[in-house]
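Everything below belongs to data_15.cif, which stores mmCIF, C-alpha atoms, pLDDT in the B column; chains and numbers go by the auth columns.
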data_work
#
loop_
_atom_site.group_PDB
_atom_site.id
_atom_site.type_symbol
_atom_site.label_atom_id
_atom_site.label_comp_id
_atom_site.label_asym_id
_atom_site.label_seq_id
_atom_site.Cartn_x
_atom_site.Cartn_y
_atom_site.Cartn_z
_atom_site.B_iso_or_equiv
_atom_site.auth_seq_id
_atom_site.auth_asym_id
ATOM 1 C CA ASP A 1 315.266 157.664 -110.282 56.00 257 C
ATOM 2 C CA CYS A 2 314.863 155.190 -107.448 53.00 258 C
ATOM 3 C CA LYS A 3 315.467 156.100 -103.845 54.00 259 C
ATOM 4 C CA PHE A 4 316.323 153.428 -101.413 51.00 260 C
ATOM 5 C CA GLY A 5 314.420 153.476 -98.139 51.00 261 C
ATOM 6 C CA GLU A 6 315.757 152.431 -94.786 51.00 262 C
ATOM 7 C CA LEU A 7 314.818 149.105 -93.187 41.00 263 C
ATOM 8 C CA LYS A 8 314.863 149.119 -89.445 50.00 264 C
ATOM 9 C CA VAL A 9 314.441 146.054 -87.249 50.00 265 C
ATOM 10 C CA VAL A 10 311.977 146.747 -84.456 56.00 266 C
ATOM 11 C CA GLY A 11 312.070 144.763 -81.256 65.00 267 C
ATOM 12 C CA GLY A 12 314.527 142.421 -79.665 87.00 268 C
ATOM 13 C CA THR A 13 314.911 141.190 -76.111 93.00 269 C
ATOM 14 C CA VAL A 14 314.106 143.406 -73.138 94.00 270 C
ATOM 15 C CA TYR A 15 315.161 142.531 -69.590 96.00 271 C
ATOM 16 C CA VAL A 16 312.972 143.909 -66.800 96.00 272 C
ATOM 17 C CA THR A 17 313.994 143.603 -63.142 97.00 273 C
ATOM 18 C CA THR A 18 311.858 144.763 -60.213 97.00 274 C
ATOM 19 C CA GLU A 19 313.349 145.525 -56.814 97.00 275 C
ATOM 20 C CA SER A 20 312.673 143.681 -53.536 98.00 276 C
ATOM 21 C CA ASP A 21 311.639 145.081 -50.176 98.00 277 C
ATOM 22 C CA LYS A 22 310.571 143.821 -46.759 97.00 278 C
ATOM 23 C CA LYS A 23 309.399 145.098 -43.385 98.00 279 C
ATOM 24 C CA THR A 24 307.846 143.928 -40.129 98.00 280 C
ATOM 25 C CA PHE A 25 304.047 143.838 -40.039 98.00 281 C
ATOM 26 C CA ASP A 26 302.498 147.230 -39.238 96.00 282 C
ATOM 27 C CA GLY A 27 299.055 146.905 -40.825 94.00 283 C
ATOM 28 C CA THR A 28 299.907 149.020 -43.875 96.00 284 C
ATOM 29 C CA PRO A 29 300.676 147.805 -47.420 97.00 285 C
ATOM 30 C CA LEU A 30 304.220 147.125 -48.558 98.00 286 C
ATOM 31 C CA TYR A 31 305.028 147.962 -52.159 97.00 287 C
ATOM 32 C CA CYS A 32 308.134 148.833 -54.121 97.00 288 C
ATOM 33 C CA HIS A 33 307.914 150.674 -57.444 97.00 289 C
ATOM 34 C CA GLU A 34 311.593 150.514 -58.320 97.00 290 C
ATOM 35 C CA TYR A 35 312.628 148.687 -61.471 96.00 291 C
ATOM 36 C CA MET A 36 315.301 148.512 -64.136 96.00 292 C
ATOM 37 C CA ILE A 37 314.816 147.896 -67.869 95.00 293 C
ATOM 38 C CA GLU A 38 317.498 147.029 -70.418 95.00 294 C
ATOM 39 C CA GLY A 39 317.356 146.439 -74.173 93.00 295 C
ATOM 40 C CA LEU A 40 314.880 149.088 -75.384 92.00 296 C
ATOM 41 C CA GLN A 41 315.664 150.524 -78.776 91.00 297 C
ATOM 42 C CA GLU A 42 316.258 154.236 -79.246 89.00 298 C
ATOM 43 C CA ASN A 43 313.101 156.366 -79.153 90.00 299 C
ATOM 44 C CA HIS A 44 311.108 153.546 -77.547 93.00 300 C
ATOM 45 C CA GLU A 45 309.786 153.842 -74.036 93.00 301 C
ATOM 46 C CA ALA A 46 308.061 151.510 -71.602 94.00 302 C
ATOM 47 C CA LYS A 47 305.008 152.094 -69.461 96.00 303 C
ATOM 48 C CA VAL A 48 305.084 150.018 -66.298 96.00 304 C
ATOM 49 C CA VAL A 49 302.217 149.297 -63.901 96.00 305 C
ATOM 50 C CA PHE A 50 303.016 147.567 -60.606 96.00 306 C
ATOM 51 C CA LEU A 51 300.447 144.906 -59.780 96.00 307 C
ATOM 52 C CA ASN A 52 301.218 143.684 -56.268 95.00 308 C
ATOM 53 C CA GLU A 53 301.324 144.881 -52.701 97.00 309 C
ATOM 54 C CA ILE A 54 301.216 142.907 -49.478 97.00 310 C
ATOM 55 C CA VAL A 55 299.684 143.658 -46.057 97.00 311 C
ATOM 56 C CA LYS A 56 299.777 140.385 -44.114 97.00 312 C
ATOM 57 C CA PRO A 57 302.942 138.441 -43.246 98.00 313 C
ATOM 58 C CA GLY A 58 304.198 136.405 -46.176 97.00 314 C
ATOM 59 C CA THR A 59 306.099 136.770 -49.438 98.00 315 C
ATOM 60 C CA ILE A 60 304.930 137.551 -52.989 98.00 316 C
ATOM 61 C CA ASN A 61 306.514 138.492 -56.296 98.00 317 C
ATOM 62 C CA ASN A 62 306.799 142.195 -57.122 98.00 318 C
ATOM 63 C CA THR A 63 305.045 141.746 -60.469 97.00 319 C
ATOM 64 C CA ILE A 64 304.338 144.348 -63.147 96.00 320 C
ATOM 65 C CA SER A 65 302.596 144.785 -66.476 95.00 321 C
ATOM 66 C CA LEU A 66 304.584 146.351 -69.309 95.00 322 C
ATOM 67 C CA GLU A 67 303.766 148.086 -72.583 96.00 323 C
ATOM 68 C CA ILE A 68 306.326 149.444 -75.034 94.00 324 C
ATOM 69 C CA PHE A 69 305.656 152.433 -77.337 94.00 325 C
ATOM 70 C CA ASP A 70 307.526 154.240 -80.080 91.00 326 C
ATOM 71 C CA GLU A 71 307.811 158.017 -80.290 91.00 327 C
ATOM 72 C CA TYR A 72 304.485 158.191 -82.127 92.00 328 C
ATOM 73 C CA GLY A 73 302.558 156.285 -79.479 93.00 329 C
ATOM 74 C CA ASN A 74 302.358 153.042 -81.417 93.00 330 C
ATOM 75 C CA VAL A 75 302.280 149.924 -79.224 93.00 331 C
ATOM 76 C CA LEU A 76 305.291 147.724 -79.969 92.00 332 C
ATOM 77 C CA THR A 77 305.155 145.298 -77.025 93.00 333 C
ATOM 78 C CA ASP A 78 304.507 142.283 -79.251 91.00 334 C
ATOM 79 C CA TYR A 79 307.715 142.983 -81.164 91.00 335 C
ATOM 80 C CA TYR A 80 309.800 142.418 -78.059 93.00 336 C
ATOM 81 C CA ASP A 81 310.682 139.303 -76.153 93.00 337 C
ATOM 82 C CA VAL A 82 310.283 140.502 -72.565 95.00 338 C
ATOM 83 C CA ILE A 83 312.150 138.607 -69.849 96.00 339 C
ATOM 84 C CA TYR A 84 311.106 139.387 -66.286 96.00 340 C
ATOM 85 C CA GLU A 85 313.066 138.959 -63.082 97.00 341 C
ATOM 86 C CA TYR A 86 310.772 139.792 -60.201 97.00 342 C
ATOM 87 C CA GLY A 87 311.874 141.009 -56.821 98.00 343 C
ATOM 88 C CA ARG A 88 310.120 139.854 -53.670 98.00 344 C
ATOM 89 C CA LEU A 89 307.876 141.693 -51.247 98.00 345 C
ATOM 90 C CA GLU A 90 308.029 140.251 -47.748 98.00 346 C
ATOM 91 C CA ILE A 91 306.285 141.134 -44.502 98.00 347 C
ATOM 92 C CA LEU A 92 307.630 139.587 -41.305 98.00 348 C
ATOM 93 C CA PRO A 93 305.292 138.870 -38.376 98.00 349 C
ATOM 94 C CA ILE A 94 305.713 140.548 -35.004 98.00 350 C
ATOM 95 C CA VAL A 95 307.153 138.005 -32.566 98.00 351 C
ATOM 96 C CA LEU A 96 305.420 137.597 -29.193 98.00 352 C
ATOM 97 C CA GLN A 97 305.635 135.078 -26.363 98.00 353 C
ATOM 98 C CA ILE A 98 302.821 134.645 -23.852 98.00 354 C
ATOM 99 C CA GLU A 99 303.669 132.781 -20.655 98.00 355 C
ATOM 100 C CA THR A 100 301.386 132.014 -17.718 98.00 356 C
ATOM 101 C CA GLU A 101 302.780 131.731 -14.204 98.00 357 C
ATOM 102 C CA SER A 102 303.339 128.472 -12.375 98.00 358 C
ATOM 103 C CA ASP A 103 301.939 127.847 -8.898 98.00 359 C
ATOM 104 C CA GLU A 104 301.717 125.132 -6.255 97.00 360 C
ATOM 105 C CA LYS A 105 300.064 124.313 -2.962 95.00 361 C
ATOM 106 C CA GLU A 106 299.203 121.446 -0.646 92.00 362 C
ATOM 107 C CA TYR A 107 295.922 119.668 -1.274 92.00 363 C
ATOM 108 C CA ASP A 108 292.916 121.390 0.325 88.00 364 C
ATOM 109 C CA GLY A 109 290.077 120.239 -1.910 89.00 365 C
ATOM 110 C CA THR A 110 289.779 123.560 -3.754 94.00 366 C
ATOM 111 C CA PRO A 111 291.038 124.401 -7.270 98.00 367 C
ATOM 112 C CA LEU A 112 294.520 125.848 -7.676 98.00 368 C
ATOM 113 C CA THR A 113 294.488 128.662 -10.247 98.00 369 C
ATOM 114 C CA ASN A 114 296.782 131.527 -11.197 98.00 370 C
ATOM 115 C CA SER A 115 295.609 134.098 -13.742 98.00 371 C
ATOM 116 C CA ASN A 116 298.913 135.971 -13.993 98.00 372 C
ATOM 117 C CA TYR A 117 300.796 136.019 -17.294 98.00 373 C
ATOM 118 C CA VAL A 118 303.663 137.803 -19.010 98.00 374 C
ATOM 119 C CA ILE A 119 303.880 138.971 -22.640 98.00 375 C
ATOM 120 C CA GLU A 120 307.335 139.270 -24.198 98.00 376 C
ATOM 121 C CA GLY A 121 307.515 141.427 -27.320 97.00 377 C
ATOM 122 C CA THR A 122 305.598 144.554 -28.254 97.00 378 C
ATOM 123 C CA PRO A 123 302.337 144.585 -30.218 97.00 379 C
ATOM 124 C CA LEU A 124 301.386 147.600 -32.318 97.00 380 C
ATOM 125 C CA SER A 125 300.112 150.546 -30.281 96.00 381 C
ATOM 126 C CA ASN A 126 296.548 150.097 -31.571 96.00 382 C
ATOM 127 C CA HIS A 127 296.512 146.324 -31.033 97.00 383 C
ATOM 128 C CA PHE A 128 295.510 144.614 -27.812 98.00 384 C
ATOM 129 C CA VAL A 129 296.436 141.143 -26.579 98.00 385 C
ATOM 130 C CA ILE A 130 293.557 139.588 -24.630 98.00 386 C
ATOM 131 C CA VAL A 131 294.527 136.545 -22.573 98.00 387 C
ATOM 132 C CA ASN A 132 292.073 134.172 -20.895 98.00 388 C
ATOM 133 C CA VAL A 133 293.766 131.893 -18.357 98.00 389 C
ATOM 134 C CA PHE A 134 291.666 128.825 -17.520 98.00 390 C
ATOM 135 C CA GLY A 135 294.181 126.357 -16.083 98.00 391 C
ATOM 136 C CA SER A 136 293.018 124.607 -12.888 98.00 392 C
ATOM 137 C CA GLN A 137 294.271 121.747 -10.698 98.00 393 C
ATOM 138 C CA THR A 138 292.277 120.380 -7.750 97.00 394 C
ATOM 139 C CA GLU A 139 293.478 116.840 -7.151 96.00 395 C
ATOM 140 C CA ILE A 140 297.006 115.803 -6.230 96.00 396 C
ATOM 141 C CA GLY A 141 299.184 116.034 -9.334 97.00 397 C
ATOM 142 C CA SER A 142 300.059 118.661 -11.921 98.00 398 C
ATOM 143 C CA SER A 143 298.758 120.148 -15.163 98.00 399 C
ATOM 144 C CA ASN A 144 299.447 123.036 -17.518 98.00 400 C
ATOM 145 C CA ASN A 145 298.180 126.485 -16.615 98.00 401 C
ATOM 146 C CA ASP A 146 296.456 126.656 -20.003 98.00 402 C
ATOM 147 C CA PHE A 147 295.140 129.775 -21.674 98.00 403 C
ATOM 148 C CA SER A 148 293.732 131.182 -24.884 98.00 404 C
ATOM 149 C CA TYR A 149 294.437 134.539 -26.501 98.00 405 C
ATOM 150 C CA GLN A 150 293.195 136.991 -29.094 97.00 406 C
ATOM 151 C CA ILE A 151 294.888 139.970 -30.674 98.00 407 C
ATOM 152 C CA LEU A 152 292.398 142.673 -31.644 98.00 408 C
ATOM 153 C CA ASP A 153 292.666 146.152 -33.135 96.00 409 C
ATOM 154 C CA GLU A 154 290.832 149.206 -31.822 96.00 410 C
ATOM 155 C CA ASN A 155 287.704 148.166 -33.738 96.00 411 C
ATOM 156 C CA GLY A 156 287.647 144.672 -32.277 96.00 412 C
ATOM 157 C CA VAL A 157 288.891 143.042 -35.486 96.00 413 C
ATOM 158 C CA ASP A 158 291.115 139.985 -35.061 97.00 414 C
ATOM 159 C CA VAL A 159 294.657 140.787 -36.254 97.00 415 C
ATOM 160 C CA SER A 160 296.370 137.673 -34.910 97.00 416 C
ATOM 161 C CA TYR A 161 297.536 136.921 -38.462 97.00 417 C
ATOM 162 C CA GLY A 162 300.154 139.653 -38.052 97.00 418 C
ATOM 163 C CA TYR A 163 301.908 137.923 -35.171 98.00 419 C
ATOM 164 C CA ASP A 164 304.101 134.904 -34.590 98.00 420 C
ATOM 165 C CA VAL A 165 303.035 133.901 -31.087 98.00 421 C
ATOM 166 C CA THR A 166 304.757 131.324 -28.908 98.00 422 C
ATOM 167 C CA THR A 167 302.612 130.041 -26.033 98.00 423 C
ATOM 168 C CA LYS A 168 304.269 128.820 -22.852 98.00 424 C
ATOM 169 C CA PRO A 169 301.910 127.613 -20.130 98.00 425 C
ATOM 170 C CA GLY A 170 303.106 127.434 -16.555 98.00 426 C
ATOM 171 C CA ILE A 171 302.589 124.390 -14.305 98.00 427 C
ATOM 172 C CA LEU A 172 299.974 124.048 -11.560 98.00 428 C
ATOM 173 C CA GLN A 173 300.954 121.459 -8.967 98.00 429 C
ATOM 174 C CA VAL A 174 299.014 120.175 -5.949 97.00 430 C
ATOM 175 C CA HIS A 175 301.077 118.309 -3.358 95.00 431 C
ATOM 176 C CA LYS A 176 300.068 115.766 -0.775 91.00 432 C
ATOM 177 C CA ILE A 177 299.365 117.234 2.662 83.00 433 C
ATOM 178 C CA LYS A 178 302.263 116.757 5.043 82.00 434 C
ATOM 179 C CA VAL A 179 300.622 115.679 8.330 76.00 435 C
ATOM 180 C CA TYR A 180 302.805 115.148 11.393 77.00 436 C
ATOM 181 C CA ILE A 181 301.688 112.647 14.075 76.00 437 C
ATOM 182 C CA ILE A 182 303.786 112.848 17.214 82.00 438 C
ATOM 183 C CA THR A 183 303.332 110.235 19.939 82.00 439 C
ATOM 184 C CA SER A 184 304.108 111.099 23.530 78.00 440 C
ATOM 185 C CA SER A 185 306.845 109.562 25.629 84.00 441 C
ATOM 186 C CA ALA A 186 306.336 107.729 28.926 78.00 442 C
ATOM 187 C CA GLN A 187 308.408 106.011 31.596 82.00 443 C
ATOM 188 C CA LYS A 188 307.955 104.150 34.910 79.00 444 C
ATOM 189 C CA ILE A 189 309.757 101.976 37.396 84.00 445 C
ATOM 190 C CA TYR A 190 309.651 98.328 36.501 80.00 446 C
ATOM 191 C CA ASP A 191 306.527 96.628 37.798 82.00 447 C
ATOM 192 C CA GLY A 192 306.203 93.655 35.528 83.00 448 C
ATOM 193 C CA GLU A 193 303.360 95.275 33.584 82.00 449 C
ATOM 194 C CA PRO A 194 303.543 96.625 30.022 85.00 450 C
ATOM 195 C CA LEU A 195 304.311 100.312 29.642 71.00 451 C
ATOM 196 C CA THR A 196 301.973 101.988 27.145 79.00 452 C
ATOM 197 C CA CYS A 197 301.101 105.546 26.175 75.00 453 C
ATOM 198 C CA HIS A 198 298.208 106.352 23.882 75.00 454 C
ATOM 199 C CA GLU A 199 298.720 110.090 23.779 77.00 455 C
ATOM 200 C CA TYR A 200 299.683 111.839 20.551 71.00 456 C
ATOM 201 C CA THR A 201 299.427 115.149 18.772 82.00 457 C
ATOM 202 C CA VAL A 202 298.611 115.854 15.121 75.00 458 C
ATOM 203 C CA GLU A 203 300.083 118.836 13.301 74.00 459 C
ATOM 204 C CA ASN A 204 299.139 120.409 9.960 73.00 460 C
ATOM 205 C CA LEU A 205 295.862 118.490 9.515 70.00 461 C
ATOM 206 C CA PRO A 206 293.227 120.746 7.911 70.00 462 C
ATOM 207 C CA GLU A 207 290.193 121.448 10.074 68.00 463 C
ATOM 208 C CA GLN A 208 287.803 119.688 7.701 68.00 464 C
ATOM 209 C CA TYR A 209 289.601 116.363 8.201 69.00 465 C
ATOM 210 C CA LYS A 210 289.723 114.049 11.238 72.00 466 C
ATOM 211 C CA GLU A 211 292.500 111.656 12.076 63.00 467 C
ATOM 212 C CA ASP A 212 292.074 107.988 12.999 64.00 468 C
ATOM 213 C CA VAL A 213 295.213 106.940 14.851 61.00 469 C
ATOM 214 C CA ASP A 214 295.845 103.628 16.608 65.00 470 C
ATOM 215 C CA VAL A 215 298.727 104.027 19.027 62.00 471 C
#

Whole structure given in structure tokens:
Amino acid sequence: DCKFGELKVVGGTVYVTTESDKKTFDGTPLYCHEYMIEGLQENHEAKVVFLNEIVKPGTINNTISLEIFDEYGNVLTDYYDVIYEYGRLEILPIVLQIETESDEKEYDGTPLTNSNYVIEGTPLSNHFVIVNVFGSQTEIGSSNNDFSYQILDENGVDVSYGYDVTTKPGILQVHKIKVYIITSSAQKIYDGEPLTCHEYTVENLPEQYKEDVDV
């Protein structure tokens, strides 16, 4: 007597979808181990290994590796057509703005500087924003109150990559000196001779300068 066996088709198409996630930069890895799988045959199971995580600001695919087994532990991955739809892992930078103060004065021959600055936004508690203001204006005119910056962690390691920093320099402006020359008044009864007065006063002229006035 002949007994007919059973033919069973193994495999098919499997759809694998990984989830997405995002956060603002905090110095720790972002990963997401959530996924969904559709199309596995009965008594088959999948072993999934997540391959990616992200620490710095940016975006990557939430990729995985996949193996499919039957109930006896036999590897059947090659019998399946696996279609992946990857989620995205995204880290957003911390937004900061650094702005130096503006300042102005009348010309006195010395540099105009102002080392004050303001930081808008909040760095991580173990990160430190170091600002070096080097803007200077001596001659009459104006220029930016320029500066440089670093963002360091508690170990002195540069972590500026975690921040989106807008720089906004103030303006340093040196004005012309406003000097006031005041001539004196005079009067007399007519005598046929010219009336003149060579007296004058000078106000707001710095001590290091001397006037040359022809009245």

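The nearest approach to Thr369 (chain C) among the residues C:Ile386, C:Val430, C:Ala302, C:Leu408, with all atoms listed in the file taken into account, belongs to C:Val430.
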
The PyMOL selection byres ((chain C and resi 304) around 6) applied to the shown file, residues as a tab-separated table (two decimals) with C-alpha atoms, in the frame of the given file:
chain	number	residue	atom	x	y	z
C	303	LYS	CA	305.01	152.09	-69.46
C	305	VAL	CA	302.22	149.30	-63.90
C	321	SER	CA	302.60	144.78	-66.48
C	322	LEU	CA	304.58	146.35	-69.31

Given only C-alpha atoms as the basis, pick out the residue of C:Glu360, C:Ile320, C:Gly377, C:Thr280 nearest to Ser399 (chain C).
C:Glu360

Counting all atoms listed in the file, find residues at most 10 Å from (298.0, 137.4, -25.5) (file frame) and give them as a PyMOL selection string.
chain C and resi 352-355+373-376+379+384-389+403-408+416+421-423

When you look at Tyr340 (chain C) with a cut-off of 8 Å (counting only C-alpha atoms), what residues show up, excluding the ones that are within fewer than 5 positions of it in the same chain? I need them as a PyMOL selection string.
chain C and resi 271-273

Can I get the selected residues back with C-alpha atoms, as a compact mmCIF listing (two decimals), keeping the file's coordinate frame?
# COMPACT_ATOMS: atom_id res chain seq x y z
CA TYR C 271 315.16 142.53 -69.59
CA VAL C 272 312.97 143.91 -66.80
CA THR C 273 313.99 143.60 -63.14

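Of note, CA of Val338 (chain C) and CA of Phe306 (chain C) are spaced 15.7 Å apart.
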
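Counting only C-alpha atoms, the residue from C:Thr452, C:Glu275, C:Thr356, C:Leu296 that sits nearest to Asp326 (chain C) is C:Leu296.
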